[in-house]
Amino acid sequence: MSDPRRTARAGRPAAAFAELRAEVLDVAIPYGPGGHAVAPAALLVDANARQHAATPLAELTVGPDRWLAIRSAGSAPPEPPEAWRTGVLRLRLGLSQWLLDRCLDHLGERTSGGIPLISHQLVRVELAEAAADQLIVELSTGGLEPAGLHRLHERLLHTDRALLRLLGAAGYRSDGPGQVALLSELLADVYSGAAA
Amino acid sequence: MIELDDRLATLRRHTRAWSDDLRAHALDADREPGTPRALDSAAVSYLRRTTIPPQFNDDPPVLDGHRFDGMTAIERVVAGEELARGDAGTLLAAPGPALCGVLVSRLGDSEQQEGFFARAQEGTLWTAFALTEPTGGSDAGRLATTLAATGDGHRLDGTKRYVGNAARARVAAVFARNGPGPLSVTAVLVDTTDPGYAATPLPMIGLRAAQLCAVTLDGVAVAERDVLGRHLSASAAGMWAATQTFNQLRPGVAAIGLGIARAALDYVSANRRSLRCAERIRVDGLEADLHAARRLLYAAAYAVDANPRNGHAGSAAKARAAAVAEDATLAALALFGAGARLEHPLLDKLARDARGVEFMEGTRNIQRLNASQGVINGRFGR
């Protein structure tokens, strides 16, 4: 049985997205409240061919996969089902958990003052906060009002930012974990929140 | 309350006016970092002609009768915030002595200074400041790059990371160690066309215009005349001098964070004329945070100008500036609703750039630890 969160945690965001789509939908990739969609390029072009604008608004390469962001060609696309919106949150939770795993790898390998970074109190506090935030999201994904769901998306964003600080400059490379966090922020931007 | 005097207010007014020129290039510079932008702008002209000591500066900027050399932290902070408000990437990508100017003025003997600053004023010259390493980050105490004596000079070996402009620089200041212990930390000037120097741009999420690079140093020959601090005793050079140089430079990094935050709030002001009550409260709070961080930053700059040992407030200011940049850019995006990153590419860029402020000169946790040392030894907040 597919589990987009678990797949995302394994560092496979495109596969996780495909699983989520298969689990929730059998049609085109849905558009968010602002009329935008973001998805792996192959999936998006195939599923949304008729609505696909000629030029994507943004392209993002994450690991081996190219992601595209587009705007709906028509007006007021239908709202995605709630299962999609909570599914995106679960997917982002998996990506955040993957980022925490990368931090543990990174911090275990590096030292400061002869002590592994992972042993520094300041670092350990950040790890505990991140894990607590992730657990709060994991325990809160059912039956949420839009405002509550949005708040959880924000919580993950700030958790990821804290984890990126632990990675230092390595988290700022577009060929590393920081790019996964950027993708997660883009998914939240497109699929959470209200239209302006 | 810290107010700028007439001279610094003049600098702020002019640099603020110039920042529009940088903003006009911001998205192009982000897309194509290999092409330097705005080279003919007043902003880049100012940057090329500053961080040069007065005795070596043949053509300093003179604004409304006030001369500027960029040799004080407060000057660099005032100009840096305004120019980063235009575009932080283009600011960091500008040719000129930049960080190396502060380093050479502090550690170079008269011959080294004369040579370096003369060269920096010949046409368009980029410089690079190579400190950060793959394993030790920007902690000078953990340098692994080595400077070994040879029969007629020195040999430089090591690897650097995240060095801005390193691929287009003609001169690089490289930090290395010539033995164990804090006294062995040293800096040398390298001609980047010399054999053994190679710089490769790295794929980065933001601040792309600065073309952060990986640098390899494979047996680069360094003459004795290019070893900075050669005229100083080991105790007057070494880690002690490096730390003081970083103290002098850190407020400038903080200023970039405030400039990015300022740009994000400017964007909101220009494009969201009408805010709901809760949104207005949020924006007003961010404005207050920005003003507070600026006051802290000005105090830090004046403190380090008074004594280069006074770096603790600068660390606190840098940590706050990074937080303000992150808060302001994320809040600005939120104010434009779903899809803001796609419909407002400049805001998306500012949010990506803000992430970069965090790691320059150490993340906020490192800065907090630095500041805490000042609290403990009575030099900060006491």
# chains A, B, ... in the order shown; residues from 1 in each chain; ligands from 1

call {"tool": "interface_residues", "arguments": {"of": "chain A", "to": "chain B", "cutoff": "9 Å", "atoms": "only C-alpha atoms", "output": "CSV table (one decimal) with N, CA and C atoms, in the first residue's frame"}}
result
chain,number,residue,atom,x,y,z
A,32,GLY,N,-4.3,25.0,-6.9
A,32,GLY,CA,-4.5,25.5,-5.6
A,32,GLY,C,-5.4,26.7,-5.6
A,33,PRO,N,-5.7,27.3,-4.5
A,33,PRO,CA,-6.7,28.4,-4.4
A,33,PRO,C,-6.4,29.6,-5.3
A,34,GLY,N,-5.1,29.7,-5.6
A,34,GLY,CA,-4.7,30.9,-6.5
A,34,GLY,C,-4.7,30.5,-8.0
A,35,GLY,N,-5.1,29.2,-8.3
A,35,GLY,CA,-5.1,28.8,-9.7
A,35,GLY,C,-3.8,28.3,-10.2
A,36,HIS,N,-2.9,27.8,-9.3
A,36,HIS,CA,-1.6,27.3,-9.7
A,36,HIS,C,-1.5,25.9,-9.4
A,37,ALA,N,-0.6,25.2,-10.2
A,37,ALA,CA,-0.3,23.8,-9.9
A,37,ALA,C,1.2,23.7,-9.9
A,57,LEU,N,5.6,28.9,-15.1
A,57,LEU,CA,6.0,30.0,-14.3
A,57,LEU,C,7.3,29.8,-13.6
A,58,ALA,N,7.6,28.6,-13.3
A,58,ALA,CA,8.8,28.2,-12.6
A,58,ALA,C,9.2,26.8,-12.9
A,69,ALA,N,5.8,24.5,-12.4
A,69,ALA,CA,4.7,25.3,-11.8
A,69,ALA,C,4.0,26.0,-12.9
A,70,ILE,N,2.7,25.9,-12.9
A,70,ILE,CA,1.9,26.5,-14.0
A,70,ILE,C,0.7,27.3,-13.4
A,71,ARG,N,0.1,28.1,-14.2
A,71,ARG,CA,-1.1,28.8,-13.8
A,71,ARG,C,-2.2,28.2,-14.7
A,110,ARG,N,30.4,16.0,11.6
A,110,ARG,CA,31.2,17.2,11.8
A,110,ARG,C,31.4,17.5,13.3
A,111,THR,N,32.5,18.1,13.6
A,111,THR,CA,32.9,18.4,14.9
A,111,THR,C,33.1,19.9,15.1
A,112,SER,N,33.0,20.4,16.3
A,112,SER,CA,33.4,21.7,16.7
A,112,SER,C,34.1,21.7,18.1
A,113,GLY,N,35.3,22.2,18.1
A,113,GLY,CA,36.0,22.1,19.4
A,113,GLY,C,36.3,20.7,19.8
A,122,LEU,N,23.0,23.4,22.1
A,122,LEU,CA,22.2,24.2,21.2
A,122,LEU,C,21.6,23.5,20.0
A,123,VAL,N,22.4,22.6,19.5
A,123,VAL,CA,22.0,21.8,18.4
A,123,VAL,C,20.9,20.8,18.8
A,161,ARG,N,13.1,25.5,8.2
A,161,ARG,CA,14.1,26.6,8.2
A,161,ARG,C,15.1,26.4,9.3
A,164,LEU,N,17.5,23.7,8.3
A,164,LEU,CA,18.4,24.2,7.4
A,164,LEU,C,19.6,25.0,8.0
A,165,ARG,N,19.3,25.7,9.1
A,165,ARG,CA,20.3,26.4,9.8
A,165,ARG,C,21.4,25.4,10.4
A,166,LEU,N,20.9,24.3,10.7
A,166,LEU,CA,21.9,23.3,11.3
A,166,LEU,C,22.8,22.7,10.2
A,168,GLY,N,24.0,24.6,7.8
A,168,GLY,CA,24.9,25.7,7.4
A,168,GLY,C,24.8,25.9,5.8
A,169,ALA,N,25.9,26.2,5.2
A,169,ALA,CA,25.9,26.6,3.8
A,169,ALA,C,25.5,25.4,2.9
A,170,ALA,N,25.8,24.1,3.5
A,170,ALA,CA,25.4,23.0,2.7
A,170,ALA,C,23.9,22.9,2.4
A,171,GLY,N,23.1,23.5,3.3
A,171,GLY,CA,21.7,23.6,3.1
A,171,GLY,C,21.2,24.7,2.1
A,172,TYR,N,22.2,25.4,1.5
A,172,TYR,CA,21.9,26.5,0.6
A,172,TYR,C,22.2,26.1,-0.8
A,173,ARG,N,22.7,24.9,-1.0
A,173,ARG,CA,23.0,24.5,-2.4
A,173,ARG,C,21.7,24.0,-3.1
A,174,SER,N,21.6,24.2,-4.3
A,174,SER,CA,20.4,23.8,-5.1
A,174,SER,C,20.5,22.3,-5.5
A,175,ASP,N,21.7,21.7,-5.2
A,175,ASP,CA,21.8,20.3,-5.5
A,175,ASP,C,21.9,19.5,-4.2
A,178,GLY,N,18.7,21.5,0.8
A,178,GLY,CA,18.0,22.7,0.8
A,178,GLY,C,17.0,22.9,-0.3
A,179,GLN,N,17.3,22.2,-1.4
A,179,GLN,CA,16.4,22.3,-2.6
A,179,GLN,C,15.1,21.6,-2.3
A,182,LEU,N,13.1,23.9,-0.4
A,182,LEU,CA,12.5,24.9,-1.3
A,182,LEU,C,11.3,24.3,-2.0
A,186,LEU,N,7.4,25.6,-1.9
A,186,LEU,CA,6.6,25.9,-3.1
A,186,LEU,C,5.3,25.2,-3.0
A,188,ALA,N,3.6,24.3,-0.4
A,188,ALA,CA,2.8,25.0,0.6
A,188,ALA,C,2.3,26.3,0.0
A,189,ASP,N,3.1,27.0,-0.7
A,189,ASP,CA,2.7,28.3,-1.3
A,189,ASP,C,1.5,28.1,-2.3
A,190,VAL,N,1.6,27.0,-3.1
A,190,VAL,CA,0.6,26.8,-4.1
A,190,VAL,C,-0.7,26.2,-3.6
A,191,TYR,N,-0.5,25.2,-2.7
A,191,TYR,CA,-1.7,24.4,-2.2
A,191,TYR,C,-2.3,24.8,-0.9
A,192,SER,N,-1.6,25.6,-0.1
A,192,SER,CA,-2.1,26.0,1.2
A,192,SER,C,-2.4,27.5,1.1
A,193,GLY,N,-3.1,28.0,2.1
A,193,GLY,CA,-3.4,29.5,2.1
A,193,GLY,C,-4.6,29.8,1.2
A,194,ALA,N,-4.9,31.1,1.4
A,194,ALA,CA,-6.1,31.6,0.6
A,194,ALA,C,-5.7,32.4,-0.6
A,195,ALA,N,-6.5,32.5,-1.6
A,195,ALA,CA,-6.2,33.3,-2.7
A,195,ALA,C,-6.2,34.8,-2.2
A,196,ALA,N,-5.3,35.6,-2.8
A,196,ALA,CA,-5.1,37.0,-2.4
A,196,ALA,C,-6.3,37.8,-2.8

call {"tool": "residues_around", "arguments": {"residues": "Ile29 (chain A)", "least_positions_apart": "4", "cutoff": "12 Å", "atoms": "only C-alpha atoms", "output": "count of residues only"}}
result
37

call {"tool": "residues_around", "arguments": {"residues": "Asn178 (chain B)", "least_positions_apart": "5", "cutoff": "8 Å", "atoms": "only C-alpha atoms", "output": "MDAnalysis selection string"}}
result
chainID B and resid 146:148 184:186

call {"tool": "write_last_selection", "arguments": {"atoms": "N, CA and C atoms", "output": "mmCIF file, in the first residue's frame"}}
result
data_model
loop_
_atom_site.group_PDB
_atom_site.id
_atom_site.type_symbol
_atom_site.label_atom_id
_atom_site.label_comp_id
_atom_site.auth_asym_id
_atom_site.auth_seq_id
_atom_site.Cartn_x
_atom_site.Cartn_y
_atom_site.Cartn_z
ATOM 1 N N THR B 146 46.763 24.718 4.041
ATOM 2 C CA THR B 146 48.117 24.873 4.587
ATOM 3 C C THR B 146 48.967 25.807 3.733
ATOM 4 N N LEU B 147 49.812 26.553 4.408
ATOM 5 C CA LEU B 147 50.832 27.386 3.765
ATOM 6 C C LEU B 147 52.175 26.861 4.256
ATOM 7 N N ALA B 148 52.902 26.204 3.372
ATOM 8 C CA ALA B 148 54.166 25.559 3.765
ATOM 9 C C ALA B 148 55.337 26.303 3.139
ATOM 10 N N SER B 184 49.185 30.385 14.159
ATOM 11 C CA SER B 184 49.606 29.980 12.820
ATOM 12 C C SER B 184 48.608 30.385 11.734
ATOM 13 N N VAL B 185 47.479 30.965 12.133
ATOM 14 C CA VAL B 185 46.496 31.396 11.135
ATOM 15 C C VAL B 185 47.053 32.594 10.376
ATOM 16 N N THR B 186 46.981 32.525 9.063
ATOM 17 C CA THR B 186 47.540 33.611 8.264
ATOM 18 C C THR B 186 46.684 33.817 7.019
#

call {"tool": "closest_residue", "arguments": {"among": "A:Gly108, A:Pro4, A:Gly142, A:Pro56", "to": "Ala73 (chain A)", "atoms": "only C-alpha atoms"}}
result
A:Pro56

call {"tool": "residues_around", "arguments": {"residues": "Ile136 (chain A)", "least_positions_apart": "2", "cutoff": "12 Å", "atoms": "only C-alpha atoms", "output": "VMD selection string"}}
result
chain A and resid 90 93 129 to 134 138 to 142 149 151 to 153 155 to 156 159

call {"tool": "write_last_selection", "arguments": {"atoms": "all heavy atoms", "output": "short mmCIF file (atom, residue, chain, number, x, y, z; two decimals), in the first residue's frame"}}
result
data_model
loop_
_atom_site.label_atom_id
_atom_site.label_comp_id
_atom_site.auth_asym_id
_atom_site.auth_seq_id
_atom_site.Cartn_x
_atom_site.Cartn_y
_atom_site.Cartn_z
N ARG A 90 0.83 15.91 4.49
CA ARG A 90 1.53 14.67 4.88
C ARG A 90 2.80 14.48 4.04
O ARG A 90 3.83 14.05 4.55
CB ARG A 90 0.60 13.46 4.70
CG ARG A 90 -0.40 13.29 5.83
CD ARG A 90 -1.12 11.96 5.73
NE ARG A 90 -1.99 11.92 4.55
CZ ARG A 90 -1.94 10.97 3.62
NH1 ARG A 90 -1.06 10.00 3.70
NH2 ARG A 90 -2.78 11.00 2.61
N LEU A 93 5.30 16.73 5.40
CA LEU A 93 5.81 16.18 6.66
C LEU A 93 6.92 15.15 6.37
O LEU A 93 7.97 15.16 7.02
CB LEU A 93 4.68 15.53 7.45
CG LEU A 93 5.08 14.72 8.68
CD1 LEU A 93 5.75 15.62 9.71
CD2 LEU A 93 3.87 14.01 9.29
N GLU A 129 13.05 20.28 19.12
CA GLU A 129 11.94 21.14 18.69
C GLU A 129 11.41 20.68 17.34
O GLU A 129 10.19 20.65 17.12
CB GLU A 129 12.41 22.60 18.61
CG GLU A 129 12.67 23.25 19.96
CD GLU A 129 11.39 23.43 20.75
OE1 GLU A 129 10.36 23.73 20.16
OE2 GLU A 129 11.44 23.26 21.99
N ALA A 130 12.31 20.36 16.44
CA ALA A 130 11.88 19.92 15.10
C ALA A 130 11.07 18.64 15.20
O ALA A 130 10.02 18.51 14.56
CB ALA A 130 13.10 19.73 14.20
N ALA A 131 11.57 17.70 15.97
CA ALA A 131 10.86 16.42 16.09
C ALA A 131 9.48 16.62 16.72
O ALA A 131 8.49 15.98 16.32
CB ALA A 131 11.69 15.44 16.92
N ALA A 132 9.39 17.50 17.70
CA ALA A 132 8.11 17.78 18.35
C ALA A 132 7.13 18.41 17.36
O ALA A 132 5.95 18.04 17.29
CB ALA A 132 8.31 18.68 19.56
N ASP A 133 7.63 19.36 16.58
CA ASP A 133 6.77 20.00 15.58
C ASP A 133 6.27 18.98 14.56
O ASP A 133 5.09 19.00 14.16
CB ASP A 133 7.53 21.13 14.87
CG ASP A 133 7.51 22.41 15.68
OD1 ASP A 133 6.59 22.59 16.50
OD2 ASP A 133 8.43 23.23 15.50
N GLN A 134 7.16 18.13 14.13
CA GLN A 134 6.77 17.12 13.14
C GLN A 134 5.71 16.17 13.72
O GLN A 134 4.77 15.79 13.04
CB GLN A 134 8.00 16.35 12.66
CG GLN A 134 8.92 17.21 11.80
CD GLN A 134 10.23 16.52 11.47
OE1 GLN A 134 10.53 15.45 12.00
NE2 GLN A 134 11.02 17.14 10.59
N GLU A 138 1.95 15.34 12.46
CA GLU A 138 1.55 13.94 12.20
C GLU A 138 0.25 13.61 12.94
O GLU A 138 -0.59 12.86 12.43
CB GLU A 138 2.67 13.00 12.64
CG GLU A 138 2.45 11.58 12.17
CD GLU A 138 3.73 10.75 12.18
OE1 GLU A 138 4.76 11.25 12.66
OE2 GLU A 138 3.69 9.60 11.71
N LEU A 139 0.08 14.18 14.12
CA LEU A 139 -1.09 13.86 14.95
C LEU A 139 -2.30 14.72 14.60
O LEU A 139 -3.35 14.58 15.21
CB LEU A 139 -0.74 14.07 16.43
CG LEU A 139 0.35 13.14 17.00
CD1 LEU A 139 0.78 13.60 18.38
CD2 LEU A 139 -0.13 11.70 17.01
N SER A 140 -2.13 15.64 13.65
CA SER A 140 -3.17 16.66 13.43
C SER A 140 -3.72 16.67 12.02
O SER A 140 -4.33 17.65 11.62
CB SER A 140 -2.59 18.06 13.73
OG SER A 140 -1.93 18.09 14.94
N THR A 141 -3.51 15.63 11.25
CA THR A 141 -3.83 15.76 9.83
C THR A 141 -5.26 15.40 9.46
O THR A 141 -5.61 15.44 8.30
CB THR A 141 -2.86 14.90 8.98
OG1 THR A 141 -2.86 13.59 9.52
CG2 THR A 141 -1.47 15.47 8.98
N GLY A 142 -6.10 15.07 10.40
CA GLY A 142 -7.48 14.71 10.05
C GLY A 142 -8.48 15.77 10.44
O GLY A 142 -8.37 16.37 11.50
N LEU A 149 -5.23 23.90 8.94
CA LEU A 149 -4.34 23.25 7.98
C LEU A 149 -3.21 24.21 7.57
O LEU A 149 -2.03 23.83 7.50
CB LEU A 149 -5.16 22.83 6.76
CG LEU A 149 -4.49 21.92 5.75
CD1 LEU A 149 -4.11 20.59 6.37
CD2 LEU A 149 -5.42 21.69 4.56
N ARG A 151 -2.02 26.63 9.23
CA ARG A 151 -1.11 26.81 10.37
C ARG A 151 -0.09 25.67 10.44
O ARG A 151 1.08 25.88 10.75
CB ARG A 151 -1.93 26.86 11.66
CG ARG A 151 -1.13 27.20 12.88
CD ARG A 151 -0.91 28.69 12.99
NE ARG A 151 -0.12 28.99 14.18
CZ ARG A 151 0.99 29.70 14.18
NH1 ARG A 151 1.46 30.21 13.06
NH2 ARG A 151 1.64 29.93 15.29
N LEU A 152 -0.56 24.46 10.14
CA LEU A 152 0.37 23.32 10.16
C LEU A 152 1.39 23.42 9.03
O LEU A 152 2.56 23.06 9.20
CB LEU A 152 -0.42 22.01 10.07
CG LEU A 152 -1.28 21.68 11.29
CD1 LEU A 152 -2.09 20.42 11.04
CD2 LEU A 152 -0.43 21.50 12.54
N HIS A 153 0.94 23.92 7.88
CA HIS A 153 1.90 24.14 6.79
C HIS A 153 2.96 25.14 7.23
O HIS A 153 4.16 24.96 6.96
CB HIS A 153 1.17 24.67 5.55
CG HIS A 153 0.61 23.58 4.67
ND1 HIS A 153 1.41 22.73 3.97
CD2 HIS A 153 -0.66 23.21 4.40
CE1 HIS A 153 0.66 21.86 3.28
NE2 HIS A 153 -0.62 22.14 3.54
N ARG A 155 3.92 25.72 10.24
CA ARG A 155 4.77 25.09 11.26
C ARG A 155 5.88 24.27 10.59
O ARG A 155 7.04 24.31 11.00
CB ARG A 155 3.91 24.20 12.17
CG ARG A 155 4.66 23.60 13.34
CD ARG A 155 3.73 22.73 14.18
NE ARG A 155 2.74 23.48 14.92
CZ ARG A 155 2.94 23.98 16.16
NH1 ARG A 155 4.09 23.80 16.75
NH2 ARG A 155 1.99 24.64 16.77
N LEU A 156 5.50 23.55 9.55
CA LEU A 156 6.52 22.77 8.84
C LEU A 156 7.55 23.66 8.18
O LEU A 156 8.75 23.36 8.16
CB LEU A 156 5.86 21.88 7.78
CG LEU A 156 5.21 20.60 8.27
CD1 LEU A 156 4.65 19.81 7.09
CD2 LEU A 156 6.20 19.73 9.05
N THR A 159 9.89 24.80 10.83
CA THR A 159 10.71 23.66 11.26
C THR A 159 11.83 23.41 10.25
O THR A 159 13.00 23.22 10.63
CB THR A 159 9.82 22.40 11.38
OG1 THR A 159 8.82 22.64 12.35
CG2 THR A 159 10.64 21.18 11.78
#

call {"tool": "residues_around", "arguments": {"residues": "Tyr302 (chain B)", "least_positions_apart": "2", "cutoff": "10 Å", "atoms": "only C-alpha atoms", "output": "list of chain:residue names"}}
result
B:Ile2, B:Thr72, B:Ala73, B:Ile74, B:Glu75, B:Pro251, B:Leu297, B:Tyr298, B:Ala299, B:Ala300, B:Val304, B:Asp305, B:Ala306, B:Asn307, B:Pro308, B:Asn310, B:Ala313, B:Gly314
